[in-house]
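Source file: final-v2.cif (mmCIF, C-alpha atoms)
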data_entry
loop_
_atom_site.group_PDB
_atom_site.id
_atom_site.type_symbol
_atom_site.label_atom_id
_atom_site.label_comp_id
_atom_site.auth_asym_id
_atom_site.auth_seq_id
_atom_site.Cartn_x
_atom_site.Cartn_y
_atom_site.Cartn_z
ATOM 1 C CA MET L 15 -7.223 28.139 55.259
ATOM 2 C CA LYS L 16 -3.521 28.472 56.060
ATOM 3 C CA SER L 17 -2.395 31.492 58.003
ATOM 4 C CA ALA L 18 0.721 33.066 59.441
ATOM 5 C CA VAL L 19 1.138 35.422 62.378
ATOM 6 C CA VAL L 20 4.086 37.812 62.303
ATOM 7 C CA VAL L 21 6.089 38.246 65.497
ATOM 8 C CA PHE L 22 8.096 41.408 66.186
ATOM 9 C CA PRO L 23 10.056 42.230 69.347
ATOM 10 C CA GLY L 24 7.561 43.769 71.775
ATOM 11 C CA ILE L 25 4.474 42.166 70.254
ATOM 12 C CA ASN L 26 2.309 40.534 72.943
ATOM 13 C CA ARG L 27 -0.963 39.414 71.364
ATOM 14 C CA GLU L 28 0.432 36.884 68.908
ATOM 15 C CA ARG L 29 -0.526 33.886 71.050
ATOM 16 C CA ASP L 30 -4.109 35.060 71.511
ATOM 17 C CA MET L 31 -4.339 35.574 67.762
ATOM 18 C CA MET L 32 -2.860 32.152 66.999
ATOM 19 C CA LEU L 33 -5.234 30.452 69.447
ATOM 20 C CA ALA L 34 -8.232 32.242 67.922
ATOM 21 C CA LEU L 35 -7.223 31.334 64.367
ATOM 22 C CA GLU L 36 -6.720 27.692 65.319
ATOM 23 C CA ALA L 37 -9.903 27.497 67.421
ATOM 24 C CA VAL L 38 -12.097 28.719 64.588
ATOM 25 C CA THR L 39 -10.372 27.576 61.394
ATOM 26 C CA GLY L 40 -9.059 24.293 62.788
ATOM 27 C CA VAL L 41 -5.597 24.891 61.379
ATOM 28 C CA ALA L 42 -2.733 26.115 63.560
ATOM 29 C CA PRO L 43 -1.120 29.222 62.058
ATOM 30 C CA VAL L 44 2.616 29.493 61.484
ATOM 31 C CA ALA L 45 4.521 32.039 63.571
ATOM 32 C CA VAL L 46 6.884 34.069 61.405
ATOM 33 C CA TRP L 47 9.806 36.031 62.902
ATOM 34 C CA HIS L 48 10.227 39.603 61.660
ATOM 35 C CA THR L 49 13.714 38.988 60.249
ATOM 36 C CA ASP L 50 12.526 36.133 58.031
ATOM 37 C CA PRO L 51 12.918 37.265 54.445
ATOM 38 C CA GLN L 52 9.832 35.405 53.229
ATOM 39 C CA LEU L 53 6.425 34.232 54.329
ATOM 40 C CA PRO L 54 5.551 30.561 53.966
ATOM 41 C CA LYS L 55 2.766 29.810 51.499
ATOM 42 C CA VAL L 56 -0.375 31.005 53.271
ATOM 43 C CA ASP L 57 -3.803 32.450 52.471
ATOM 44 C CA LEU L 58 -3.731 35.025 55.238
ATOM 45 C CA VAL L 59 -1.112 36.847 57.268
ATOM 46 C CA VAL L 60 -2.028 38.522 60.539
ATOM 47 C CA VAL L 61 0.003 41.324 62.083
ATOM 48 C CA PRO L 62 -1.004 41.111 65.747
ATOM 49 C CA GLY L 63 -1.177 43.622 68.576
ATOM 50 C CA GLY L 64 1.354 44.646 71.179
ATOM 51 C CA PHE L 65 4.066 47.239 71.423
ATOM 52 C CA SER L 66 6.562 46.444 68.693
ATOM 53 C CA TYR L 67 9.884 48.129 69.477
ATOM 54 C CA GLY L 68 8.291 49.834 72.464
ATOM 55 C CA ASP L 69 6.463 52.223 70.103
ATOM 56 C CA TYR L 70 9.827 53.943 69.473
ATOM 57 C CA LEU L 71 9.783 56.780 66.927
ATOM 58 C CA ARG L 72 6.062 56.271 66.178
ATOM 59 C CA CYS L 73 3.870 53.275 66.984
ATOM 60 C CA GLY L 74 4.477 50.625 64.322
ATOM 61 C CA ALA L 75 7.127 52.667 62.496
ATOM 62 C CA ILE L 76 10.147 50.432 63.097
ATOM 63 C CA ALA L 77 8.275 47.154 62.641
ATOM 64 C CA ALA L 78 6.857 48.430 59.350
ATOM 65 C CA ARG L 79 10.417 48.594 57.950
ATOM 66 C CA SER L 80 11.466 45.068 59.017
ATOM 67 C CA PRO L 81 12.566 42.484 56.407
ATOM 68 C CA ILE L 82 9.365 40.407 56.506
ATOM 69 C CA MET L 83 7.252 43.483 55.722
ATOM 70 C CA SER L 84 8.843 43.855 52.265
ATOM 71 C CA ASP L 85 7.638 40.378 51.405
ATOM 72 C CA ILE L 86 4.202 41.077 52.889
ATOM 73 C CA ARG L 87 3.949 44.292 50.853
ATOM 74 C CA ALA L 88 4.913 42.492 47.651
ATOM 75 C CA LYS L 89 2.474 39.632 48.268
ATOM 76 C CA ALA L 90 -0.334 41.947 49.385
ATOM 77 C CA ALA L 91 -0.001 43.708 46.030
ATOM 78 C CA LYS L 92 -0.757 40.347 44.438
ATOM 79 C CA GLY L 93 -3.814 39.717 46.606
ATOM 80 C CA LEU L 94 -2.541 38.077 49.808
ATOM 81 C CA LYS L 95 -5.015 38.722 52.618
ATOM 82 C CA VAL L 96 -3.557 40.813 55.424
ATOM 83 C CA LEU L 97 -5.214 41.541 58.763
ATOM 84 C CA GLY L 98 -3.628 44.075 61.132
ATOM 85 C CA VAL L 99 -5.018 44.301 64.650
ATOM 86 C CA CYS L 100 -4.192 47.143 67.065
ATOM 87 C CA ASN L 101 -0.408 47.593 66.814
ATOM 88 C CA GLY L 102 -0.793 45.486 63.664
ATOM 89 C CA PHE L 103 -3.112 48.164 62.217
ATOM 90 C CA GLN L 104 -0.522 50.804 63.101
ATOM 91 C CA ILE L 105 2.180 48.693 61.433
ATOM 92 C CA VAL L 106 0.302 48.064 58.173
ATOM 93 C CA ALA L 107 -0.635 51.757 58.006
ATOM 94 C CA GLU L 108 3.010 52.752 58.553
ATOM 95 C CA ALA L 109 3.979 50.230 55.865
ATOM 96 C CA GLY L 110 1.693 52.051 53.438
ATOM 97 C CA LEU L 111 -0.705 49.122 53.004
ATOM 98 C CA LEU L 112 -3.592 51.200 54.339
ATOM 99 C CA PRO L 113 -4.125 54.958 54.092
ATOM 100 C CA GLY L 114 -3.994 57.345 57.055
ATOM 101 C CA ALA L 115 -2.310 57.054 60.431
ATOM 102 C CA LEU L 116 -3.060 56.168 64.032
ATOM 103 C CA VAL L 117 -2.144 58.898 66.486
ATOM 104 C CA ARG L 118 -2.333 59.507 70.229
ATOM 105 C CA ASN L 119 -5.807 59.101 71.731
ATOM 106 C CA ALA L 120 -7.448 62.512 71.860
ATOM 107 C CA HIS L 121 -7.819 62.377 75.652
ATOM 108 C CA LEU L 122 -4.219 61.107 76.090
ATOM 109 C CA HIS L 123 -5.300 58.092 78.168
ATOM 110 C CA PHE L 124 -4.594 54.465 77.408
ATOM 111 C CA VAL L 125 -7.985 52.778 77.037
ATOM 112 C CA CYS L 126 -8.620 49.160 77.956
ATOM 113 C CA ARG L 127 -12.313 48.360 77.844
ATOM 114 C CA GLU L 128 -15.134 46.948 75.811
ATOM 115 C CA VAL L 129 -16.608 48.940 72.935
ATOM 116 C CA LYS L 130 -19.472 48.335 70.517
ATOM 117 C CA LEU L 131 -18.592 47.974 66.867
ATOM 118 C CA ALA L 132 -21.014 48.337 63.999
ATOM 119 C CA VAL L 133 -20.173 46.180 60.982
ATOM 120 C CA GLU L 134 -20.433 48.685 58.150
ATOM 121 C CA ASN L 135 -19.207 46.470 55.344
ATOM 122 C CA ASN L 136 -20.065 42.789 55.388
ATOM 123 C CA SER L 137 -18.496 41.840 52.078
ATOM 124 C CA THR L 138 -14.895 41.595 53.312
ATOM 125 C CA PHE L 139 -12.921 38.435 54.045
ATOM 126 C CA PHE L 140 -13.291 39.132 57.775
ATOM 127 C CA THR L 141 -16.974 40.141 57.919
ATOM 128 C CA ASN L 142 -18.812 37.981 55.371
ATOM 129 C CA ARG L 143 -20.568 35.982 58.104
ATOM 130 C CA MET L 144 -21.965 39.144 59.670
ATOM 131 C CA LYS L 145 -25.090 41.109 58.856
ATOM 132 C CA LYS L 146 -24.532 44.644 57.636
ATOM 133 C CA GLY L 147 -25.133 46.998 60.534
ATOM 134 C CA ALA L 148 -24.752 44.238 63.130
ATOM 135 C CA VAL L 149 -23.307 45.480 66.401
ATOM 136 C CA VAL L 150 -20.747 43.387 68.261
ATOM 137 C CA SER L 151 -18.942 43.845 71.548
ATOM 138 C CA CYS L 152 -15.176 43.896 71.280
ATOM 139 C CA PRO L 153 -12.359 44.902 73.629
ATOM 140 C CA VAL L 154 -9.907 47.692 72.868
ATOM 141 C CA ALA L 155 -6.519 48.246 74.514
ATOM 142 C CA HIS L 156 -4.474 51.069 73.053
ATOM 143 C CA GLY L 157 -2.997 54.506 73.621
ATOM 144 C CA GLU L 158 -2.726 55.478 69.962
ATOM 145 C CA GLY L 159 -5.838 54.440 68.105
ATOM 146 C CA ASN L 160 -7.027 57.806 66.925
ATOM 147 C CA TYR L 161 -7.485 57.292 63.183
ATOM 148 C CA ILE L 162 -6.638 60.286 61.054
ATOM 149 C CA CYS L 163 -6.374 60.901 57.312
ATOM 150 C CA ASP L 164 -6.771 63.774 54.880
ATOM 151 C CA GLU L 165 -10.193 64.879 53.695
ATOM 152 C CA GLU L 166 -9.843 63.297 50.279
ATOM 153 C CA THR L 167 -8.954 59.900 51.771
ATOM 154 C CA LEU L 168 -11.823 60.121 54.234
ATOM 155 C CA LYS L 169 -14.217 60.868 51.401
ATOM 156 C CA ALA L 170 -12.918 57.867 49.455
ATOM 157 C CA LEU L 171 -13.133 55.544 52.477
ATOM 158 C CA GLU L 172 -16.716 56.581 53.189
ATOM 159 C CA GLY L 173 -17.805 56.731 49.560
ATOM 160 C CA GLU L 174 -16.382 53.330 48.661
ATOM 161 C CA GLY L 175 -17.693 51.536 51.751
ATOM 162 C CA ARG L 176 -14.193 50.977 53.039
ATOM 163 C CA VAL L 177 -14.988 51.734 56.661
ATOM 164 C CA VAL L 178 -15.447 48.145 57.851
ATOM 165 C CA PHE L 179 -15.982 48.782 61.576
ATOM 166 C CA ARG L 180 -17.265 51.890 63.287
ATOM 167 C CA TYR L 181 -17.538 52.573 67.015
ATOM 168 C CA THR L 182 -21.234 52.982 67.737
ATOM 169 C CA GLN L 183 -22.361 56.374 68.895
ATOM 170 C CA GLY L 184 -20.870 57.321 72.215
ATOM 171 C CA THR L 185 -18.337 54.510 72.393
ATOM 172 C CA ASN L 186 -15.500 56.033 70.343
ATOM 173 C CA PRO L 187 -12.601 55.438 72.757
ATOM 174 C CA ASN L 188 -9.923 57.540 71.081
ATOM 175 C CA GLY L 189 -11.345 60.415 69.035
ATOM 176 C CA ALA L 190 -10.946 58.657 65.670
ATOM 177 C CA MET L 191 -12.362 60.539 62.668
ATOM 178 C CA ASN L 192 -15.947 59.503 61.848
ATOM 179 C CA ASP L 193 -15.741 56.911 64.671
ATOM 180 C CA ILE L 194 -13.576 54.728 62.428
ATOM 181 C CA ALA L 195 -12.429 51.500 64.126
ATOM 182 C CA GLY L 196 -11.367 49.506 61.061
ATOM 183 C CA ILE L 197 -10.844 49.995 57.331
ATOM 184 C CA VAL L 198 -10.098 47.983 54.213
ATOM 185 C CA ASN L 199 -7.880 48.869 51.254
ATOM 186 C CA LYS L 200 -9.269 49.521 47.782
ATOM 187 C CA ALA L 201 -8.498 46.008 46.545
ATOM 188 C CA GLY L 202 -10.276 44.485 49.550
ATOM 189 C CA ASN L 203 -7.436 42.258 50.747
ATOM 190 C CA VAL L 204 -5.939 44.350 53.564
ATOM 191 C CA ILE L 205 -7.933 45.109 56.719
ATOM 192 C CA GLY L 206 -6.756 47.061 59.734
ATOM 193 C CA MET L 207 -8.677 47.481 62.994
ATOM 194 C CA MET L 208 -7.863 48.816 66.461
ATOM 195 C CA PRO L 209 -10.120 46.510 68.571
ATOM 196 C CA HIS L 210 -9.106 42.968 69.505
ATOM 197 C CA PRO L 211 -11.597 40.443 68.071
ATOM 198 C CA GLU L 212 -9.290 37.573 69.073
ATOM 199 C CA ASN L 213 -10.217 38.306 72.675
ATOM 200 C CA MET L 214 -13.965 37.858 72.251
ATOM 201 C CA ILE L 215 -14.459 34.383 70.791
ATOM 202 C CA GLU L 216 -14.627 31.977 73.762
ATOM 203 C CA PRO L 217 -17.240 31.743 76.546
ATOM 204 C CA LEU L 218 -14.364 32.401 78.954
ATOM 205 C CA HIS L 219 -13.862 35.778 77.275
ATOM 206 C CA GLY L 220 -17.310 36.694 78.560
ATOM 207 C CA LYS L 221 -18.838 36.935 75.092
ATOM 208 C CA THR L 222 -18.328 35.238 71.750
ATOM 209 C CA ASP L 223 -19.437 38.169 69.569
ATOM 210 C CA CYS L 224 -16.330 38.152 67.391
ATOM 211 C CA ARG L 225 -16.281 34.449 66.544
ATOM 212 C CA PRO L 226 -18.212 35.017 63.277
ATOM 213 C CA LEU L 227 -15.429 37.341 62.137
ATOM 214 C CA PHE L 228 -12.962 34.475 62.273
ATOM 215 C CA GLU L 229 -15.561 32.126 60.748
ATOM 216 C CA SER L 230 -15.688 34.546 57.822
ATOM 217 C CA LEU L 231 -12.108 33.543 56.994
ATOM 218 C CA LEU L 232 -13.348 30.052 56.146
ATOM 219 C CA ALA L 233 -15.670 31.366 53.452
ATOM 220 C CA ALA L 234 -13.210 33.886 52.063
ATOM 221 C CA MET E 41 28.277 65.992 58.232
ATOM 222 C CA LYS E 42 25.592 66.434 60.834
ATOM 223 C CA ALA E 43 21.972 66.617 59.878
ATOM 224 C CA LYS E 44 19.641 68.313 62.335
ATOM 225 C CA ILE E 45 16.064 67.345 61.652
ATOM 226 C CA LYS E 46 12.914 68.827 63.110
ATOM 227 C CA VAL E 47 9.702 66.857 62.750
ATOM 228 C CA THR E 48 6.457 68.656 63.469
ATOM 229 C CA LEU E 49 2.809 67.732 63.220
ATOM 230 C CA LYS E 50 1.026 69.121 60.173
ATOM 231 C CA LYS E 51 -1.465 71.914 60.632
ATOM 232 C CA GLY E 52 -4.827 70.554 61.660
ATOM 233 C CA VAL E 53 -3.452 67.346 63.176
ATOM 234 C CA LEU E 54 -4.626 67.182 66.771
ATOM 235 C CA ASP E 55 -1.743 67.357 69.247
ATOM 236 C CA PRO E 56 -3.084 66.204 72.619
ATOM 237 C CA GLN E 57 0.431 66.227 74.121
ATOM 238 C CA GLY E 58 0.884 69.860 73.143
ATOM 239 C CA LYS E 59 -2.518 70.605 74.689
ATOM 240 C CA ALA E 60 -1.497 68.898 77.948
ATOM 241 C CA ILE E 61 1.742 70.904 78.062
ATOM 242 C CA GLU E 62 -0.256 74.053 77.381
ATOM 243 C CA GLY E 63 -2.453 73.208 80.372
ATOM 244 C CA ALA E 64 0.542 72.514 82.631
ATOM 245 C CA LEU E 65 2.167 75.818 81.680
ATOM 246 C CA GLY E 66 -1.095 77.474 82.684
ATOM 247 C CA HIS E 67 -0.950 75.714 86.070
ATOM 248 C CA LEU E 68 2.549 77.125 86.549
ATOM 249 C CA GLY E 69 1.195 80.592 86.126
ATOM 250 C CA PHE E 70 2.361 81.325 82.572
ATOM 251 C CA ALA E 71 -0.739 83.228 81.623
ATOM 252 C CA GLY E 72 0.493 84.358 78.223
ATOM 253 C CA VAL E 73 0.734 80.887 76.609
ATOM 254 C CA GLU E 74 -1.539 80.866 73.591
ATOM 255 C CA HIS E 75 -0.662 77.619 71.889
ATOM 256 C CA VAL E 76 1.782 74.698 72.238
ATOM 257 C CA ARG E 77 2.693 72.172 69.559
ATOM 258 C CA GLN E 78 5.094 69.335 70.374
ATOM 259 C CA GLY E 79 7.563 67.955 67.844
ATOM 260 C CA LYS E 80 10.676 65.793 67.575
ATOM 261 C CA TYR E 81 14.330 66.581 66.992
ATOM 262 C CA PHE E 82 16.969 64.264 65.511
ATOM 263 C CA GLU E 83 20.714 64.547 64.941
ATOM 264 C CA ILE E 84 22.154 62.195 62.359
ATOM 265 C CA ASP E 85 25.863 62.028 61.542
ATOM 266 C CA VAL E 86 26.399 61.036 57.930
ATOM 267 C CA ALA E 87 29.689 60.090 56.254
ATOM 268 C CA GLU E 88 28.845 61.949 53.030
ATOM 269 C CA THR E 89 30.827 65.195 52.689
ATOM 270 C CA ASP E 90 29.110 66.582 49.599
ATOM 271 C CA ARG E 91 26.370 68.878 50.802
ATOM 272 C CA SER E 92 23.824 68.234 48.113
ATOM 273 C CA LYS E 93 24.344 64.465 48.158
ATOM 274 C CA ALA E 94 24.011 64.464 51.955
ATOM 275 C CA MET E 95 20.796 66.474 51.664
ATOM 276 C CA THR E 96 19.339 64.019 49.156
ATOM 277 C CA GLU E 97 20.227 61.102 51.413
ATOM 278 C CA VAL E 98 18.813 62.660 54.588
ATOM 279 C CA ARG E 99 15.656 63.739 52.758
ATOM 280 C CA SER E 100 15.172 60.136 51.680
ATOM 281 C CA MET E 101 15.637 59.005 55.313
ATOM 282 C CA CYS E 102 12.935 61.445 56.377
ATOM 283 C CA GLU E 103 10.523 60.304 53.678
ATOM 284 C CA LYS E 104 11.087 56.625 54.407
ATOM 285 C CA LEU E 105 11.292 56.540 58.197
ATOM 286 C CA ILE E 106 12.020 59.617 60.284
ATOM 287 C CA ALA E 107 8.713 61.335 59.493
ATOM 288 C CA ASN E 108 5.277 59.983 58.651
ATOM 289 C CA THR E 109 4.348 62.417 55.921
ATOM 290 C CA VAL E 110 0.657 61.611 56.350
ATOM 291 C CA ILE E 111 0.689 63.563 59.605
ATOM 292 C CA GLU E 112 4.120 65.188 59.918
ATOM 293 C CA ASN E 113 6.360 67.775 58.209
ATOM 294 C CA TYR E 114 10.134 67.683 58.455
ATOM 295 C CA ASP E 115 12.809 70.323 58.217
ATOM 296 C CA ILE E 116 16.485 69.504 57.600
ATOM 297 C CA GLU E 117 19.477 71.610 58.530
ATOM 298 C CA LEU E 118 22.976 70.451 57.509
ATOM 299 C CA ALA E 119 25.939 71.513 59.601
#

If you convert what's in this file into structure tokens, what do you get?
Amino acid sequence: MKSAVVVFPGINRERDMMLALEAVTGVAPVAVWHTDPQLPKVDLVVVPGGFSYGDYLRCGAIAARSPIMSDIRAKAAKGLKVLGVCNGFQIVAEAGLLPGALVRNAHLHFVCREVKLAVENNSTFFTNRMKKGAVVSCPVAHGEGNYICDEETLKALEGEGRVVFRYTQGTNPNGAMNDIAGIVNKAGNVIGMMPHPENMIEPLHGKTDCRPLFESLLAA
Amino acid sequence: MKAKIKVTLKKGVLDPQGKAIEGALGHLGFAGVEHVRQGKYFEIDVAETDRSKAMTEVRSMCEKLIANTVIENYDIELA
């Protein structure tokens, strides 16, 4: 399982993501700079978290228009697996790879804490080692994670089982519609999520709840 | 030509910043404030001198970057 992690100016979780990918899959991912015109040959590309371009204009907006994203869009259309985490979710949504948008947390505060995520769809490339309905602990750290989309999109997401992760009752940290924490595109090869699973895989993280998510990549 | 662009949140999109401003105006004693929505304003100088061509170009800029049409509306004024 070969993977790449995209690095934009202002991104700060790329090392955590690279360590997690290597720890679980055994293969060190390639770091790809945002101005590179093309991805190397990989099975998965991860857009990590951070604050690309200082969240200028809108979170993820500038990064979504960088040269590497054109190649990612083209390859995603042909089935390349894409995982966007936190700012990465905002970036892939801004790039049009996932529907909807991430807006300011309803209570205006930046949240940095642990939440509980229910795995709502266990047939994706990132959840196939999980049981449907399983609840995992996972940290969040964001100011703009409030998922929003139009009614029609929401209906499609819910009806087609495309909500992959949902904050369990009472733990929604940002006001996201239907407690949505992560979604998948129609084709099943692009996943975006606000929480940081890469920070819950080692005993030193306190818990290892999210390790099976990365193990899922091996089966995918 | 100068394009003046206003970007506003679509109806129904929660605007917590607007709400916070609304609250602060209340603290200042402005009792008559009913509703606040916050938006963005841009000025873009374009080389194009033909009005309709400039409009087409700026509209394309708005669609592709300046606004996120999932959540925002934009309004262009050419001067």

Task: Explicit residues for the PyMOL selection byres ((chain E) within 8 of (chain L)) (as a PyMOL selection string) - done: chain E and resi 54-57+105-106+108+110-111

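Excluding E:Cys102 itself and same-chain residues fewer than 4 positions from it, the residues having an atom within 9 Å of it are E:Ile45, E:Val47, E:Glu97, E:Val98, E:Ile106, E:Ala107, E:Asn108, E:Thr109, E:Tyr114, E:Ile116, counting only C-alpha atoms.
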
Open item on the list: Within 6 Å of (0.4, 32.6, 58.6) (file coordinates; all atoms listed in the file), which protein or nucleic acid residues are there? I'd like them as an MDAnalysis selection string.
Closed with: chainID L and resid 17:19 43:44 56 58:59

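Atom CA of L:Asp193 is found 28.3 Å from atom CA of L:Arg29.
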
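Note that the spacing between atom CA of L:Lys146 and atom CA of L:Asn199 amounts to 18.3 Å.
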
Open item on the list: Can you translate the PyMOL selection byres ((chain E and resi 43) around 10) into the concrete residues it hits in this file, as a ChimeraX atom specification?
Closed with: /E:41-42,44-46,82-86,94-95,98-99,116-119

Task: Polymer residues at most 12 Å from stretch 83-96 of chain L, only C-alpha atoms, same-chain spacing of 6 or more positions, as number ranges by chain - done: L: 15-22, 46-62, 74-77, 102-103, 105-112, 138-140, 197-207, 231, 234

Task: Gap from atom CA of L:Pro187 to atom CA of L:Ala132 - Å, one decimal - done: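 Atom-to-atom, atom CA of L:Pro187 to atom CA of L:Ala132, that is 14.1 Å.
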
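For L:His210, the residues within 7 Å (counting only C-alpha atoms, excluding itself and residues fewer than 6 positions away along the chain) are Val99, Cys100, Cys152, Pro153 and Val154 of chain L.
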
Task: Distance criterion (all atoms listed in the file): nearest to L:Gly63 out of L:Ala45, L:Val177, L:Leu171, L:Met208 - done: L:Met208

Open item on the list: Need the shell around L:Ala195: protein/DNA/RNA residues with any atom at most 8 Å away, counting all atoms listed in the file. Skip same-chain ones fewer than 3 positions apart. Format as number ranges by chain?
Closed with: L: 131, 161, 177-181, 190, 207-209

TODO: Please provide the set of residues having any atom within 6 Å of stretch 220-227 of chain L, restricted to only C-alpha atoms, with same-chain residues fewer than 2 positions apart removed, written as a PyMOL selection string.
DONE: chain L and resi 140-141+143+150+211+214-218+229-230

Write the residues you've just listed into a file as a CSV table (one decimal), keeping the file's coordinate frame, and include C-alpha atoms for each of them.
chain,number,residue,atom,x,y,z
L,140,PHE,CA,-13.3,39.1,57.8
L,141,THR,CA,-17.0,40.1,57.9
L,143,ARG,CA,-20.6,36.0,58.1
L,150,VAL,CA,-20.7,43.4,68.3
L,211,PRO,CA,-11.6,40.4,68.1
L,214,MET,CA,-14.0,37.9,72.3
L,215,ILE,CA,-14.5,34.4,70.8
L,216,GLU,CA,-14.6,32.0,73.8
L,217,PRO,CA,-17.2,31.7,76.5
L,218,LEU,CA,-14.4,32.4,79.0
L,229,GLU,CA,-15.6,32.1,60.7
L,230,SER,CA,-15.7,34.5,57.8

- [ ] Would you please work out which residue, of L:Val133, L:Cys126, L:Leu168, L:Ala37, is nearest to L:Ala155 when using all atoms listed in the file?
- [x]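 Closest candidate: L:Cys126.
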